file final03.txt (compact mmCIF, C-alpha atoms)
# COMPACT_ATOMS: atom_id res chain seq x y z
CA MET C 1 -19.45 -12.07 40.93
CA THR C 2 -18.77 -10.56 44.26
CA SER C 3 -20.53 -7.78 46.01
CA ARG C 4 -19.71 -5.71 49.02
CA ARG C 5 -22.51 -7.30 50.91
CA GLY C 6 -23.57 -10.84 50.65
CA PRO C 7 -21.96 -14.10 49.66
CA ARG C 8 -19.45 -14.60 46.90
CA ALA C 9 -20.66 -16.28 43.71
CA ALA C 10 -20.62 -20.04 44.00
CA GLY C 11 -17.64 -21.86 42.51
CA THR C 12 -15.19 -18.98 42.49
CA ASN C 13 -12.45 -17.77 44.75
CA GLY C 14 -12.26 -14.31 43.15
CA SER C 15 -9.20 -14.97 40.98
CA ASP C 16 -11.04 -15.85 37.77
CA PHE C 17 -10.62 -12.45 36.12
CA LYS C 18 -7.33 -13.08 34.30
CA GLN C 19 -8.87 -14.67 31.18
CA THR C 20 -11.01 -11.59 30.63
CA GLU C 21 -7.95 -9.35 30.58
CA ARG C 22 -6.18 -11.21 27.78
CA VAL C 23 -6.56 -10.09 24.19
CA ALA C 24 -7.24 -12.81 21.68
CA PRO C 25 -4.27 -13.53 19.37
CA HIS C 26 -6.14 -12.70 16.17
CA TYR C 27 -6.97 -9.25 17.56
CA GLN C 28 -3.31 -8.66 18.40
CA MET C 29 -2.32 -9.81 14.92
CA SER C 30 -4.97 -7.59 13.35
CA ALA C 31 -3.75 -4.51 15.23
CA ALA C 32 -0.12 -5.14 14.27
CA LEU C 33 -0.98 -5.77 10.61
CA LYS C 34 -3.19 -2.69 10.44
CA SER C 35 -0.28 -0.62 11.69
CA GLU C 36 2.00 -1.99 8.97
CA VAL C 37 -0.61 -1.44 6.25
CA ARG C 38 -1.09 2.17 7.40
CA LYS C 39 2.66 2.81 7.23
CA LEU C 40 2.84 1.32 3.73
CA ASN C 41 -0.21 3.34 2.69
CA PHE C 42 1.64 6.48 3.73
CA VAL C 43 4.68 5.52 1.63
CA HIS C 44 2.38 4.61 -1.27
CA LEU C 45 0.74 8.03 -0.99
CA SER C 46 4.17 9.69 -1.04
CA ILE C 47 5.16 7.83 -4.22
CA TRP C 48 1.81 8.65 -5.79
CA LEU C 49 2.30 12.34 -4.96
CA LEU C 50 5.74 12.32 -6.62
CA VAL C 51 4.38 10.78 -9.81
CA SER C 52 1.34 13.04 -9.86
CA ALA C 53 3.55 16.10 -9.27
CA GLN C 54 5.58 15.26 -12.37
CA VAL C 55 2.44 14.69 -14.43
CA ALA C 56 0.81 17.89 -13.16
CA ALA C 57 3.97 19.95 -13.67
CA THR C 58 4.20 18.96 -17.31
CA TYR C 59 0.45 19.00 -17.99
CA PHE C 60 -0.03 22.51 -16.60
CA ASP C 61 3.39 23.61 -17.93
CA LEU C 62 4.52 24.75 -14.46
CA VAL C 63 8.22 24.16 -15.14
CA SER C 64 10.28 23.94 -18.31
CA GLN C 65 10.80 20.65 -20.13
CA ASP C 66 14.52 20.92 -19.36
CA THR C 67 13.88 20.84 -15.61
CA VAL C 68 11.19 18.14 -15.48
CA SER C 69 10.73 15.95 -18.54
CA THR C 70 7.46 14.68 -19.90
CA PRO C 71 6.10 11.64 -18.08
CA TYR C 72 6.40 8.15 -19.45
CA GLN C 73 3.20 6.42 -20.57
CA TRP C 74 3.05 4.11 -17.55
CA GLN C 75 2.75 7.06 -15.17
CA TYR C 76 -0.77 7.96 -16.33
CA PRO C 77 -2.41 4.62 -15.40
CA TYR C 78 -0.33 4.57 -12.21
CA LEU C 79 -2.25 7.65 -11.09
CA LEU C 80 -5.25 5.33 -10.66
CA SER C 81 -3.37 3.60 -7.83
CA VAL C 82 -4.98 6.11 -5.49
CA PHE C 83 -8.13 3.92 -5.59
CA PRO C 84 -6.55 0.88 -3.87
CA LEU C 85 -5.15 3.30 -1.31
CA PHE C 86 -8.62 4.74 -0.73
CA PHE C 87 -10.26 1.32 -0.32
CA SER C 88 -7.48 0.15 1.96
CA ALA C 89 -7.98 3.18 4.19
CA LEU C 90 -11.74 2.53 4.24
CA SER C 91 -11.32 -1.12 5.18
CA LEU C 92 -9.08 -0.64 8.22
CA PRO C 93 -11.27 1.12 10.82
CA LYS C 94 -14.13 -1.39 10.84
CA ASN C 95 -12.37 -4.52 9.51
CA ASN C 96 -14.33 -4.41 6.26
CA ILE C 97 -13.35 -7.53 4.33
CA SER C 98 -15.06 -6.42 1.10
CA TYR C 99 -13.10 -3.17 0.86
CA LEU C 100 -9.87 -4.98 1.65
CA VAL C 101 -10.47 -7.48 -1.19
CA ILE C 102 -11.30 -4.63 -3.59
CA SER C 103 -8.10 -2.90 -2.50
CA MET C 104 -6.01 -6.01 -3.12
CA ILE C 105 -7.45 -6.66 -6.58
CA SER C 106 -7.24 -3.03 -7.67
CA SER C 107 -3.70 -2.81 -6.32
CA GLY C 108 -2.67 -5.49 -8.77
CA LEU C 109 -4.45 -3.75 -11.64
CA PHE C 110 -3.66 -0.11 -10.93
CA SER C 111 -0.34 -0.34 -9.09
CA MET C 112 1.62 -3.42 -10.09
CA ALA C 113 0.52 -3.67 -13.74
CA PRO C 114 1.59 -0.10 -14.66
CA LEU C 115 4.93 -0.65 -12.92
CA ILE C 116 5.56 -3.84 -14.91
CA TYR C 117 4.59 -2.07 -18.12
CA GLY C 118 6.81 0.88 -17.16
CA ALA C 119 9.80 -1.38 -16.62
CA MET C 120 9.35 -2.74 -20.13
CA GLU C 121 8.68 0.70 -21.61
CA MET C 122 11.80 2.29 -20.13
CA PHE C 123 14.15 -0.66 -20.69
CA PRO C 124 15.38 0.44 -24.18
CA VAL C 125 16.05 3.95 -22.83
CA ALA C 126 17.93 2.53 -19.84
CA GLN C 127 19.88 0.24 -22.13
CA GLN C 128 20.87 3.19 -24.32
CA LEU C 129 21.93 5.17 -21.25
CA TYR C 130 24.04 2.25 -20.03
CA ARG C 131 25.69 1.49 -23.38
CA HIS C 132 26.20 4.96 -24.78
CA GLY C 133 25.85 7.25 -21.77
CA LYS C 134 23.22 9.36 -23.51
CA ALA C 135 20.07 10.53 -21.76
CA TYR C 136 17.42 12.59 -23.49
CA ARG C 137 15.05 13.22 -20.60
CA TYR C 138 16.06 14.84 -17.34
CA ILE C 139 14.49 15.48 -13.96
CA PHE C 140 16.34 18.25 -12.10
CA GLY C 141 19.58 17.42 -13.92
CA PHE C 142 19.40 13.66 -13.36
CA SER C 143 18.57 11.12 -16.01
CA ALA C 144 14.78 10.65 -15.97
CA VAL C 145 15.04 6.91 -16.61
CA THR C 146 17.35 6.49 -13.60
CA VAL C 147 15.10 8.50 -11.30
CA MET C 148 12.00 6.66 -12.47
CA TYR C 149 13.62 3.25 -12.08
CA LEU C 150 14.58 4.15 -8.51
CA ILE C 151 11.01 5.20 -7.80
CA MET C 152 9.75 2.00 -9.44
CA VAL C 153 12.02 -0.22 -7.33
CA VAL C 154 10.70 1.37 -4.15
CA ALA C 155 7.11 1.27 -5.43
CA VAL C 156 7.28 -2.43 -6.32
CA GLN C 157 8.58 -3.25 -2.86
CA VAL C 158 5.91 -1.12 -1.18
CA HIS C 159 3.10 -2.66 -3.21
CA ALA C 160 4.39 -6.19 -2.69
CA TRP C 161 4.56 -5.66 1.08
CA GLN C 162 1.12 -4.05 1.01
CA LEU C 163 -0.34 -7.08 -0.72
CA TYR C 164 1.43 -9.42 1.68
CA TYR C 165 0.20 -7.63 4.81
CA MET C 166 -3.30 -7.18 3.40
CA LYS C 167 -3.48 -10.92 2.67
CA LYS C 168 -2.37 -11.69 6.23
CA LEU C 169 -4.91 -9.17 7.54
CA LEU C 170 -7.62 -10.72 5.41
CA ASP C 171 -6.78 -14.16 6.78
CA SER C 172 -6.87 -12.80 10.33
CA TRP C 173 -10.24 -11.13 9.83
CA PHE C 174 -11.68 -14.10 8.01
CA SER C 175 -10.64 -16.55 10.74
CA ALA C 176 -12.18 -14.27 13.39
CA THR C 177 -15.40 -14.12 11.37
CA GLN C 178 -15.48 -17.91 11.01
CA GLU C 179 -15.01 -18.35 14.76
CA LYS C 180 -17.95 -16.05 15.44
CA LYS C 181 -20.15 -18.01 13.03
CA LYS C 182 -19.28 -21.31 14.74
CA LYS C 183 -20.50 -20.05 18.11
call {"tool": "encode", "arguments": {"input": "final03.txt", "output": "structure tokens"}}
result
Amino acid sequence: MTSRRGPRAAGTNGSDFKQTERVAPHYQMSAALKSEVRKLNFVHLSIWLLVSAQVAATYFDLVSQDTVSTPYQWQYPYLLSVFPLFFSALSLPKNNISYLVISMISSGLFSMAPLIYGAMEMFPVAQQLYRHGKAYRYIFGFSAVTVMYLIMVVAVQVHAWQLYYMKKLLDSWFSATQEKKKK
């Protein structure tokens, strides 16, 4: 250390500050991954709001059945996908590994599983629409099965990327924790 008065610290020429200004790579990785997870959480919330709007509109009879059809069965358990979103949001500010693990597990149960079930549930209806051109459910004049498959394709991609980035984030946080324990 140097002072205005007195000698300079022994063994230094005053240029040894550069290592203190660098950010460790795992902190840079953590910041970048947190940003990606936050963006995907926002898209997940948007998809969840669309599905919940359809369920609420039919449950409270806000619009006619001709405008917005009744929801498919997979949409009800998908509403529980707000819990992984909640735990993910809780885990990010303080790098909470436990909340991140809960978010990853519940994302598989409450997000991916209903989407897989929904793909199987709607397949016969989609097949009938493709073969015969007949749709029985509509959302604002569009075939409900087509609209829901489009939402499902986006949702599967969002949840897959969420799981990928959360796994990378978990690895980053875990390696940082292990380095602290070694010291």
call {"tool": "closest_residue", "arguments": {"input": "final03.txt", "among": "C:Gln162, C:Asn41, C:Ser143, C:Ser103", "to": "Asp66 of chain C", "atoms": "all atoms listed in the file"}}
result
C:Ser143
call {"tool": "residues_around", "arguments": {"input": "final03.txt", "residues": "Leu100 of chain C", "least_positions_apart": "6", "cutoff": "9 Å", "atoms": "all atoms listed in the file", "output": "PyMOL selection string"}}
result
chain C and resi 84+87-92+166-167+169-170
call {"tool": "atom_distance", "arguments": {"input": "final03.txt", "atom1": "atom CA of Met152 of chain C", "atom2": "atom CA of Ile116 of chain C"}}
result
9.0 Å
call {"tool": "atom_distance", "arguments": {"input": "final03.txt", "atom1": "atom CA of Leu109 of chain C", "atom2": "atom CA of Met29 of chain C"}}
result
27.3 Å
call {"tool": "atom_distance", "arguments": {"input": "final03.txt", "atom1": "atom CA of Leu50 of chain C", "atom2": "atom CA of Tyr78 of chain C"}}
result
11.3 Å
call {"tool": "closest_residue", "arguments": {"input": "final03.txt", "among": "C:Ser30, C:Gln127, C:Ser106, C:Gln73", "to": "Pro93 of chain C", "atoms": "only C-alpha atoms"}}
result
C:Ser30
call {"tool": "residues_near_point", "arguments": {"input": "final03.txt", "point": "(7.3, -6.1, -12.6)", "cutoff": "12 Å", "atoms": "all atoms listed in the file", "output": "number ranges by chain"}}
result
C: 108, 111-121, 123, 149, 152-157, 159-160
